[in-house]
Amino acid sequence: MTTSIAPAPPETGDEVVGRWVVPEPVAVPDTTKWLETGRRINGIIGMRAPGWLLLAGVLFAMVLGITLRWQELRLFAICGGIIWLIALGFTIGRPTFEVGLDVDDTRVVVGEPANGGLAVRNVGNRRNLPARLDLPIGEEIASFHMPSMAPGGERHEQFAIPTRRRGVVPVGPALSVQGDPFGLSGRETTWGEQIEVFVHPRTVPLAGRMTGFVHDLEGHSSNRTSASDMSFQALREYAPGDDRRHVHWKSSAHIGKLMVRQFEETLQSRVALGIDLATTSYIGEEDFELAVSVAGSVALAALREQNPFTMFDNRKALPAVSGPRALDELSRVEMAPRTNLLELANTVLQLDPRASVVFLVTGGGITMEGLRRVCAIFDLDTRVVGIAADPDTAMSVRNVANLSLVRVPGLDVLGRCLRRAMA
């Protein structure tokens with residue numbers, strides 16, 4: 001007779017699964033609270049990593065010096081502890097500053113001087129300790145020494161904003177740094193908000209009108225005459241088929257024969273501007289900056305004429321409700337990989353299919369034949385001007401039907417090029 005013996009149940013309360021014993025989960029201590037407490041303490045003390053390393057070295061030297069009865073180690077621990085306490089004293093209390101940040105102008109042209117001011121006032125009830133005030137200006141940091149100031153004391157500092165290159169320069173916020181000269185302790189306090197300074201590209205005024213092909217009573221006068229429009233030009237003798245509503249009866253009675261009004265045809269230009277950001281379209285930084293300046297000049301001309309205007313890069317529309325806003329957006333643009341001029345043309349065609357005048361601005365890395373093929377995707381009733389900015393070539397303008405291909409070596413000839421292209 002065979003007797004089966006069942007395994008005894010575990011005494012620890014573990015669960016039995018088949019022949020395997022599954023132990024109860026071991027509780028893992030929660031270190032989140034300890035880490036958060038440590039961060040709060042460090043925020044109050046303001047000690048940096050070198051300070052904590054010094055404290056660890058002081059404690060280790062003290063324990064080792066006492067254990068080994070080594071007097072030099074005990075002396076090192078005492079001196080290190082005094083230095084640590086002195087460094088800690090520099091972070092006692094918080095600064096009672098009122099910091100005002102101001103710039104002369106948030107929109108400047110590249111190369112023009114731009115300045116700002118920093119006003120610091122002690123709003124506390126006691127004299128503040130000396131501190132350092134760091135002000136980020138673009139990729140640089142301007143540091144100002146704030147001496148001890150009595151309650152109500154003020155200090156004013158001036159700073160220059162770099163405008164050597166087109167772009168957006170963030171200024172601020174200011175950071176006051178409390179700390180010891182050894183760099184063991186330090187606490188940073190943020191003051192104020194960040195201000196963006198837009199460094200606009202250079203532009204030139206463009207003469208002439210961008211007359212499109214869309215007939216509109218609120219458009220601009222053209223050189224073509226019309227029998228019915230809003231812009232009166234002259235009187236002429238009546239011809240069979242003329243609308244009798246346009247007969248000028250007073251002049252007809254005076255001359256003795258029917259005279260009708262003749263008008264200038266008005267056309268509305270819906271302008272679309274595309275700036276090519278493809279890296280492969282440019283030979284270098286110089287022709288890209290020239291292309292951005294060309295785009296800015298065209299944008300200002302279109303907006304000055306109060307034409308419906310839209311602006312695009314290779315993949316999206318750019319806000320351009322006014323001249324300053326359009327230049328703000330052009331201050332942000334940078335060359336981008338993995339795109340091309342054809343993508344820019346498709347973006348303009350899809351997002352603004354009603355445009356009557358289209359400008360595509362690219363660089364010297366595009367051949368004139370390549371520019372022609374891209375511009376040819378637009379309809380025949382759309383006036384297309386392809387502009388290649390290339391400082392290393394001569395000026396050239398080619399007009400074929402509704403298409404103009406322009407190569408611009410500099411801003412000084414841009415107006416002449418566009419007058420020939422839009423003639």
# chains A, B, ... in the order shown; residues from 1 in each chain; ligands from 1
$ select_by_dssp --residues "region 296-373 of chain A" --states "alpha helix (DSSP H)" --output "PyMOL selection string"
chain A and resi 296-304+323-332+341-351+368-373
$ write_last_selection --atoms "N, CA and C atoms" --output "mmCIF file, in the first residue's frame"
data_model
loop_
_atom_site.group_PDB
_atom_site.id
_atom_site.type_symbol
_atom_site.label_atom_id
_atom_site.label_comp_id
_atom_site.auth_asym_id
_atom_site.auth_seq_id
_atom_site.Cartn_x
_atom_site.Cartn_y
_atom_site.Cartn_z
ATOM 1 N N GLY A 296 12.031 89.856 -47.621
ATOM 2 C CA GLY A 296 11.545 90.936 -46.776
ATOM 3 C C GLY A 296 11.193 92.176 -47.571
ATOM 4 N N SER A 297 11.989 92.507 -48.585
ATOM 5 C CA SER A 297 11.707 93.679 -49.416
ATOM 6 C C SER A 297 10.415 93.491 -50.210
ATOM 7 N N VAL A 298 10.205 92.307 -50.770
ATOM 8 C CA VAL A 298 8.983 92.026 -51.518
ATOM 9 C C VAL A 298 7.776 92.061 -50.597
ATOM 10 N N ALA A 299 7.906 91.498 -49.403
ATOM 11 C CA ALA A 299 6.789 91.487 -48.453
ATOM 12 C C ALA A 299 6.380 92.905 -48.066
ATOM 13 N N LEU A 300 7.335 93.772 -47.783
ATOM 14 C CA LEU A 300 7.015 95.150 -47.413
ATOM 15 C C LEU A 300 6.337 95.890 -48.563
ATOM 16 N N ALA A 301 6.794 95.647 -49.808
ATOM 17 C CA ALA A 301 6.184 96.301 -50.955
ATOM 18 C C ALA A 301 4.738 95.855 -51.141
ATOM 19 N N ALA A 302 4.470 94.561 -51.005
ATOM 20 C CA ALA A 302 3.110 94.054 -51.170
ATOM 21 C C ALA A 302 2.181 94.575 -50.079
ATOM 22 N N LEU A 303 2.645 94.604 -48.852
ATOM 23 C CA LEU A 303 1.820 95.083 -47.752
ATOM 24 C C LEU A 303 1.613 96.596 -47.816
ATOM 25 N N ARG A 304 2.607 97.318 -48.325
ATOM 26 C CA ARG A 304 2.445 98.764 -48.464
ATOM 27 C C ARG A 304 1.349 99.099 -49.465
ATOM 28 N N GLY A 323 3.843 94.673 -41.944
ATOM 29 C CA GLY A 323 5.260 94.661 -42.284
ATOM 30 C C GLY A 323 6.145 94.207 -41.141
ATOM 31 N N PRO A 324 5.999 94.788 -39.934
ATOM 32 C CA PRO A 324 6.841 94.335 -38.817
ATOM 33 C C PRO A 324 6.640 92.862 -38.487
ATOM 34 N N ARG A 325 5.394 92.367 -38.575
ATOM 35 C CA ARG A 325 5.163 90.956 -38.258
ATOM 36 C C ARG A 325 5.806 90.049 -39.305
ATOM 37 N N ALA A 326 5.745 90.450 -40.576
ATOM 38 C CA ALA A 326 6.395 89.651 -41.622
ATOM 39 C C ALA A 326 7.900 89.595 -41.410
ATOM 40 N N LEU A 327 8.514 90.722 -41.053
ATOM 41 C CA LEU A 327 9.952 90.728 -40.803
ATOM 42 C C LEU A 327 10.296 89.939 -39.537
ATOM 43 N N ASP A 328 9.385 89.937 -38.558
ATOM 44 C CA ASP A 328 9.604 89.106 -37.366
ATOM 45 C C ASP A 328 9.723 87.637 -37.754
ATOM 46 N N GLU A 329 8.821 87.191 -38.621
ATOM 47 C CA GLU A 329 8.857 85.794 -39.042
ATOM 48 C C GLU A 329 10.101 85.494 -39.866
ATOM 49 N N LEU A 330 10.520 86.437 -40.701
ATOM 50 C CA LEU A 330 11.738 86.226 -41.483
ATOM 51 C C LEU A 330 12.981 86.263 -40.605
ATOM 52 N N SER A 331 12.888 86.886 -39.430
ATOM 53 C CA SER A 331 14.020 86.850 -38.495
ATOM 54 C C SER A 331 14.218 85.458 -37.917
ATOM 55 N N ARG A 332 13.167 84.662 -37.889
ATOM 56 C CA ARG A 332 13.246 83.325 -37.287
ATOM 57 C C ARG A 332 13.711 82.248 -38.258
ATOM 58 N N LEU A 341 12.866 73.018 -53.291
ATOM 59 C CA LEU A 341 12.106 74.124 -53.876
ATOM 60 C C LEU A 341 10.747 73.663 -54.377
ATOM 61 N N LEU A 342 10.660 72.453 -54.919
ATOM 62 C CA LEU A 342 9.384 71.951 -55.420
ATOM 63 C C LEU A 342 8.364 71.834 -54.288
ATOM 64 N N GLU A 343 8.799 71.435 -53.112
ATOM 65 C CA GLU A 343 7.890 71.362 -51.970
ATOM 66 C C GLU A 343 7.368 72.750 -51.605
ATOM 67 N N LEU A 344 8.220 73.767 -51.722
ATOM 68 C CA LEU A 344 7.771 75.141 -51.462
ATOM 69 C C LEU A 344 6.681 75.542 -52.456
ATOM 70 N N ALA A 345 6.890 75.276 -53.746
ATOM 71 C CA ALA A 345 5.893 75.634 -54.760
ATOM 72 C C ALA A 345 4.573 74.908 -54.525
ATOM 73 N N ASN A 346 4.626 73.647 -54.160
ATOM 74 C CA ASN A 346 3.397 72.896 -53.878
ATOM 75 C C ASN A 346 2.683 73.447 -52.648
ATOM 76 N N THR A 347 3.442 73.867 -51.650
ATOM 77 C CA THR A 347 2.822 74.453 -50.455
ATOM 78 C C THR A 347 2.073 75.729 -50.804
ATOM 79 N N VAL A 348 2.694 76.604 -51.612
ATOM 80 C CA VAL A 348 2.033 77.840 -52.035
ATOM 81 C C VAL A 348 0.790 77.519 -52.855
ATOM 82 N N LEU A 349 0.901 76.563 -53.765
ATOM 83 C CA LEU A 349 -0.216 76.218 -54.646
ATOM 84 C C LEU A 349 -1.387 75.633 -53.862
ATOM 85 N N GLN A 350 -1.112 74.851 -52.834
ATOM 86 C CA GLN A 350 -2.178 74.211 -52.071
ATOM 87 C C GLN A 350 -2.820 75.171 -51.063
ATOM 88 N N LEU A 351 -2.011 75.999 -50.408
ATOM 89 C CA LEU A 351 -2.539 76.846 -49.341
ATOM 90 C C LEU A 351 -3.091 78.175 -49.848
ATOM 91 N N MET A 368 18.876 77.992 -63.358
ATOM 92 C CA MET A 368 17.735 78.702 -63.934
ATOM 93 C C MET A 368 16.760 77.730 -64.584
ATOM 94 N N GLU A 369 17.257 76.651 -65.155
ATOM 95 C CA GLU A 369 16.367 75.653 -65.741
ATOM 96 C C GLU A 369 15.569 74.936 -64.653
ATOM 97 N N GLY A 370 16.227 74.612 -63.541
ATOM 98 C CA GLY A 370 15.508 74.006 -62.423
ATOM 99 C C GLY A 370 14.471 74.948 -61.842
ATOM 100 N N LEU A 371 14.787 76.236 -61.765
ATOM 101 C CA LEU A 371 13.828 77.219 -61.272
ATOM 102 C C LEU A 371 12.649 77.343 -62.230
ATOM 103 N N ARG A 372 12.921 77.293 -63.530
ATOM 104 C CA ARG A 372 11.838 77.378 -64.522
ATOM 105 C C ARG A 372 10.884 76.203 -64.412
ATOM 106 N N ARG A 373 11.403 74.998 -64.236
ATOM 107 C CA ARG A 373 10.545 73.813 -64.139
ATOM 108 C C ARG A 373 9.652 73.878 -62.908
#
$ residues_around --residues "region 404-416 of chain A" --least-positions-apart "5" --cutoff "6 Å" --atoms "only C-alpha atoms" --output "JSON list (two decimals) with N, CA and C atoms, in the first residue's frame"
[["chain", "number", "residue", "atom", "x", "y", "z"],
["A", 206, "LEU", "N", 10.86, 99.13, -52.79],
["A", 206, "LEU", "CA", 10.64, 98.75, -54.18],
["A", 206, "LEU", "C", 9.56, 99.64, -54.77],
["A", 385, "VAL", "N", 7.10, 84.85, -60.45],
["A", 385, "VAL", "CA", 8.44, 85.44, -60.50],
["A", 385, "VAL", "C", 9.35, 84.57, -59.63],
["A", 386, "GLY", "N", 10.29, 83.89, -60.26],
["A", 386, "GLY", "CA", 11.28, 83.10, -59.54],
["A", 386, "GLY", "C", 12.56, 83.89, -59.36],
["A", 387, "ILE", "N", 12.98, 84.07, -58.12],
["A", 387, "ILE", "CA", 14.14, 84.91, -57.81],
["A", 387, "ILE", "C", 15.22, 84.03, -57.17],
["A", 388, "ALA", "N", 16.39, 84.01, -57.79],
["A", 388, "ALA", "CA", 17.54, 83.28, -57.25],
["A", 388, "ALA", "C", 18.54, 84.30, -56.72],
["A", 389, "ALA", "N", 18.79, 84.27, -55.42],
["A", 389, "ALA", "CA", 19.76, 85.19, -54.80],
["A", 389, "ALA", "C", 21.14, 84.56, -54.87],
["A", 390, "ASP", "N", 22.02, 85.19, -55.63],
["A", 390, "ASP", "CA", 23.36, 84.64, -55.84],
["A", 390, "ASP", "C", 24.36, 85.78, -55.94],
["A", 391, "PRO", "N", 25.10, 86.08, -54.87],
["A", 391, "PRO", "CA", 26.04, 87.21, -54.90],
["A", 391, "PRO", "C", 27.20, 87.04, -55.87],
["A", 393, "THR", "N", 27.11, 85.98, -59.11],
["A", 393, "THR", "CA", 26.79, 86.02, -60.53],
["A", 393, "THR", "C", 26.28, 87.39, -60.91],
["A", 395, "MET", "N", 23.55, 90.08, -62.73],
["A", 395, "MET", "CA", 22.10, 90.25, -62.76],
["A", 395, "MET", "C", 21.55, 89.76, -64.10],
["A", 396, "SER", "N", 20.42, 89.07, -64.05],
["A", 396, "SER", "CA", 19.78, 88.61, -65.28],
["A", 396, "SER", "C", 18.27, 88.51, -65.05],
["A", 397, "VAL", "N", 17.50, 88.81, -66.10],
["A", 397, "VAL", "CA", 16.03, 88.73, -66.05],
["A", 397, "VAL", "C", 15.56, 88.09, -67.35],
["A", 398, "ARG", "N", 14.78, 87.02, -67.24],
["A", 398, "ARG", "CA", 14.21, 86.35, -68.40],
["A", 398, "ARG", "C", 12.71, 86.30, -68.23],
["A", 399, "ASN", "N", 11.97, 86.83, -69.23],
["A", 399, "ASN", "CA", 10.51, 86.83, -69.22],
["A", 399, "ASN", "C", 10.00, 85.91, -70.31],
["A", 421, "ALA", "N", 11.00, 92.58, -64.57],
["A", 421, "ALA", "CA", 10.22, 91.34, -64.51],
["A", 421, "ALA", "C", 8.72, 91.60, -64.54]]
$ closest_residue --among "A:Gln178, A:Arg126, A:Val110, A:Gly183" --to "Arg164 (chain A)" --atoms "only C-alpha atoms"
A:Val110
$ select_by_dssp --residues "region 117-297 of chain A" --states "strand (DSSP E or B)" --output "count of residues only"
88
$ closest_atom_pairs --of "region 236-333 of chain A" --to "region 379-382 of chain A" --cutoff "12 Å" --atoms "only C-alpha atoms" --output "CSV"
residue,atom,partner,partner_atom,distance
A:Ser269,CA,A:Thr382,CA,10.1
A:Arg270,CA,A:Thr382,CA,9.8
A:Val271,CA,A:Thr382,CA,10.0
A:Ala272,CA,A:Thr382,CA,10.5
$ closest_residue --among "A:Ala291, A:Met311, A:Leu184, A:Ala376" --to "Val400 (chain A)" --atoms "only C-alpha atoms"
A:Ala376
$ residues_around --residues "Val168 (chain A)" --least-positions-apart "6" --cutoff "12 Å" --atoms "only C-alpha atoms" --output "list in words"
Thr106, Arg107, Val108, Val109, Val110, Ile137, Gly138, Glu139, Ile161, Pro162, Ile195, Glu196, Val197, Phe198, Val199, His200, Pro201, Leu327, Asp328, Glu329, Leu330, Ser331, Arg332, Val333 and Glu334 of chain A
$ closest_residue --among "A:Asp287, A:Leu273, A:Thr91, A:Arg48" --to "Pro319 (chain A)" --atoms "only C-alpha atoms"
A:Leu273
$ atom_distance --atom1 "CA of Thr339 (chain A)" --atom2 "CA of Ser281 (chain A)"
9.5 Å
$ residues_around --residues "Trp84 (chain A)" --least-positions-apart "4" --cutoff "8 Å" --atoms "only C-alpha atoms" --output "ChimeraX atom specification"
/A:51,54-55,80,88,184
$ write_last_selection --atoms "N, CA, C and O atoms" --output "mmCIF file, in the first residue's frame"
data_model
loop_
_atom_site.group_PDB
_atom_site.id
_atom_site.type_symbol
_atom_site.label_atom_id
_atom_site.label_comp_id
_atom_site.auth_asym_id
_atom_site.auth_seq_id
_atom_site.Cartn_x
_atom_site.Cartn_y
_atom_site.Cartn_z
ATOM 1 N N GLY A 51 30.609 71.872 -2.531
ATOM 2 C CA GLY A 51 30.413 72.056 -1.098
ATOM 3 C C GLY A 51 30.084 70.756 -0.390
ATOM 4 O O GLY A 51 30.594 70.484 0.709
ATOM 5 N N LEU A 54 33.207 68.737 -0.128
ATOM 6 C CA LEU A 54 34.056 69.221 0.951
ATOM 7 C C LEU A 54 33.539 68.747 2.304
ATOM 8 O O LEU A 54 34.324 68.321 3.173
ATOM 9 N N LEU A 55 32.221 68.796 2.509
ATOM 10 C CA LEU A 55 31.650 68.333 3.778
ATOM 11 C C LEU A 55 31.917 66.846 3.988
ATOM 12 O O LEU A 55 32.269 66.418 5.106
ATOM 13 N N GLY A 80 38.611 72.732 7.062
ATOM 14 C CA GLY A 80 37.591 72.514 6.032
ATOM 15 C C GLY A 80 36.194 72.816 6.531
ATOM 16 O O GLY A 80 35.363 73.379 5.805
ATOM 17 N N LEU A 88 28.521 78.584 3.711
ATOM 18 C CA LEU A 88 27.099 78.488 4.016
ATOM 19 C C LEU A 88 26.528 79.842 4.415
ATOM 20 O O LEU A 88 25.371 80.167 4.127
ATOM 21 N N LEU A 184 31.597 77.078 -3.588
ATOM 22 C CA LEU A 184 31.068 75.925 -2.857
ATOM 23 C C LEU A 184 29.552 76.000 -2.701
ATOM 24 O O LEU A 184 28.860 74.974 -2.686
#
$ atom_distance --atom1 "CA of Asp134 (chain A)" --atom2 "CA of Leu175 (chain A)"
5.0 Å
$ atom_distance --atom1 "CA of Glu157 (chain A)" --atom2 "CA of Val177 (chain A)"
16.5 Å
$ closest_residue --among "A:Ala61, A:Ala87, A:Ala119, A:Leu235" --to "Phe182 (chain A)" --atoms "only C-alpha atoms"
A:Ala87
$ residues_around --residues "Leu277 (chain A)" --least-positions-apart "2" --cutoff "10 Å" --atoms "only C-alpha atoms" --output "MDAnalysis selection string"
chainID A and resid 274:275 279:282 288 291:292 313:315 333:341 344 361:363
$ write_last_selection --atoms "N, CA, C and O atoms" --output "mmCIF file, in the first residue's frame"
data_model
loop_
_atom_site.group_PDB
_atom_site.id
_atom_site.type_symbol
_atom_site.label_atom_id
_atom_site.label_comp_id
_atom_site.auth_asym_id
_atom_site.auth_seq_id
_atom_site.Cartn_x
_atom_site.Cartn_y
_atom_site.Cartn_z
ATOM 1 N N GLY A 274 6.968 82.946 -51.298
ATOM 2 C CA GLY A 274 7.556 81.741 -50.712
ATOM 3 C C GLY A 274 9.056 81.904 -50.555
ATOM 4 O O GLY A 274 9.741 82.290 -51.501
ATOM 5 N N ILE A 275 9.572 81.612 -49.368
ATOM 6 C CA ILE A 275 11.009 81.665 -49.105
ATOM 7 C C ILE A 275 11.513 80.233 -48.966
ATOM 8 O O ILE A 275 11.033 79.476 -48.114
ATOM 9 N N THR A 279 18.448 73.425 -47.637
ATOM 10 C CA THR A 279 19.902 73.588 -47.540
ATOM 11 C C THR A 279 20.575 73.422 -48.895
ATOM 12 O O THR A 279 21.551 74.124 -49.212
ATOM 13 N N THR A 280 20.049 72.516 -49.730
ATOM 14 C CA THR A 280 20.654 72.252 -51.034
ATOM 15 C C THR A 280 20.452 73.396 -52.027
ATOM 16 O O THR A 280 21.088 73.415 -53.077
ATOM 17 N N SER A 281 19.571 74.344 -51.703
ATOM 18 C CA SER A 281 19.307 75.452 -52.622
ATOM 19 C C SER A 281 20.311 76.587 -52.482
ATOM 20 O O SER A 281 20.279 77.526 -53.288
ATOM 21 N N TYR A 282 21.184 76.501 -51.477
ATOM 22 C CA TYR A 282 22.096 77.612 -51.205
ATOM 23 C C TYR A 282 23.538 77.124 -51.208
ATOM 24 O O TYR A 282 23.842 76.014 -50.760
ATOM 25 N N PHE A 288 21.935 82.840 -48.596
ATOM 26 C CA PHE A 288 20.706 82.639 -47.833
ATOM 27 C C PHE A 288 20.253 83.943 -47.187
ATOM 28 O O PHE A 288 19.064 84.285 -47.211
ATOM 29 N N ALA A 291 18.757 86.073 -49.791
ATOM 30 C CA ALA A 291 17.414 85.621 -50.136
ATOM 31 C C ALA A 291 16.391 86.100 -49.106
ATOM 32 O O ALA A 291 15.278 86.516 -49.463
ATOM 33 N N VAL A 292 16.728 86.047 -47.825
ATOM 34 C CA VAL A 292 15.815 86.516 -46.783
ATOM 35 C C VAL A 292 15.585 88.019 -46.919
ATOM 36 O O VAL A 292 14.462 88.513 -46.761
ATOM 37 N N ASP A 313 6.942 79.268 -45.986
ATOM 38 C CA ASP A 313 8.209 78.579 -46.156
ATOM 39 C C ASP A 313 7.896 77.259 -46.838
ATOM 40 O O ASP A 313 6.806 77.070 -47.372
ATOM 41 N N ASN A 314 8.798 76.307 -46.820
ATOM 42 C CA ASN A 314 8.611 75.092 -47.613
ATOM 43 C C ASN A 314 7.436 74.242 -47.152
ATOM 44 O O ASN A 314 6.890 73.471 -47.943
ATOM 45 N N ARG A 315 7.026 74.390 -45.893
ATOM 46 C CA ARG A 315 6.025 73.461 -45.373
ATOM 47 C C ARG A 315 4.825 74.113 -44.718
ATOM 48 O O ARG A 315 3.854 73.430 -44.412
ATOM 49 N N VAL A 333 13.557 82.444 -39.549
ATOM 50 C CA VAL A 333 13.769 81.347 -40.496
ATOM 51 C C VAL A 333 15.240 80.947 -40.536
ATOM 52 O O VAL A 333 16.136 81.785 -40.432
ATOM 53 N N GLU A 334 15.465 79.667 -40.694
ATOM 54 C CA GLU A 334 16.797 79.097 -40.840
ATOM 55 C C GLU A 334 16.738 78.004 -41.905
ATOM 56 O O GLU A 334 15.686 77.427 -42.170
ATOM 57 N N MET A 335 17.896 77.716 -42.503
ATOM 58 C CA MET A 335 17.946 76.657 -43.502
ATOM 59 C C MET A 335 17.591 75.312 -42.867
ATOM 60 O O MET A 335 17.926 75.054 -41.708
ATOM 61 N N ALA A 336 16.890 74.487 -43.654
ATOM 62 C CA ALA A 336 16.412 73.202 -43.138
ATOM 63 C C ALA A 336 16.754 72.098 -44.136
ATOM 64 O O ALA A 336 16.618 72.295 -45.349
ATOM 65 N N PRO A 337 17.175 70.935 -43.649
ATOM 66 C CA PRO A 337 17.432 69.796 -44.545
ATOM 67 C C PRO A 337 16.137 69.080 -44.910
ATOM 68 O O PRO A 337 15.054 69.411 -44.416
ATOM 69 N N ARG A 338 16.250 68.117 -45.779
ATOM 70 C CA ARG A 338 15.144 67.235 -46.178
ATOM 71 C C ARG A 338 13.940 68.006 -46.717
ATOM 72 O O ARG A 338 12.786 67.699 -46.406
ATOM 73 N N THR A 339 14.195 69.024 -47.497
ATOM 74 C CA THR A 339 13.134 69.721 -48.218
ATOM 75 C C THR A 339 13.725 70.273 -49.498
ATOM 76 O O THR A 339 14.939 70.181 -49.724
ATOM 77 N N ASN A 340 12.893 70.834 -50.380
ATOM 78 C CA ASN A 340 13.388 71.331 -51.657
ATOM 79 C C ASN A 340 12.460 72.423 -52.174
ATOM 80 O O ASN A 340 11.409 72.710 -51.588
ATOM 81 N N LEU A 341 12.866 73.018 -53.291
ATOM 82 C CA LEU A 341 12.106 74.124 -53.876
ATOM 83 C C LEU A 341 10.747 73.663 -54.377
ATOM 84 O O LEU A 341 9.764 74.408 -54.291
ATOM 85 N N LEU A 344 8.220 73.767 -51.722
ATOM 86 C CA LEU A 344 7.771 75.141 -51.462
ATOM 87 C C LEU A 344 6.681 75.542 -52.456
ATOM 88 O O LEU A 344 5.645 76.108 -52.062
ATOM 89 N N VAL A 361 11.420 82.717 -53.792
ATOM 90 C CA VAL A 361 12.776 83.213 -53.550
ATOM 91 C C VAL A 361 13.637 82.047 -53.108
ATOM 92 O O VAL A 361 13.324 81.357 -52.129
ATOM 93 N N THR A 362 14.729 81.815 -53.826
ATOM 94 C CA THR A 362 15.639 80.720 -53.508
ATOM 95 C C THR A 362 17.074 81.221 -53.616
ATOM 96 O O THR A 362 17.306 82.430 -53.637
ATOM 97 N N GLY A 363 18.036 80.295 -53.669
ATOM 98 C CA GLY A 363 19.439 80.672 -53.639
ATOM 99 C C GLY A 363 20.199 80.290 -54.891
ATOM 100 O O GLY A 363 19.640 79.798 -55.881
#
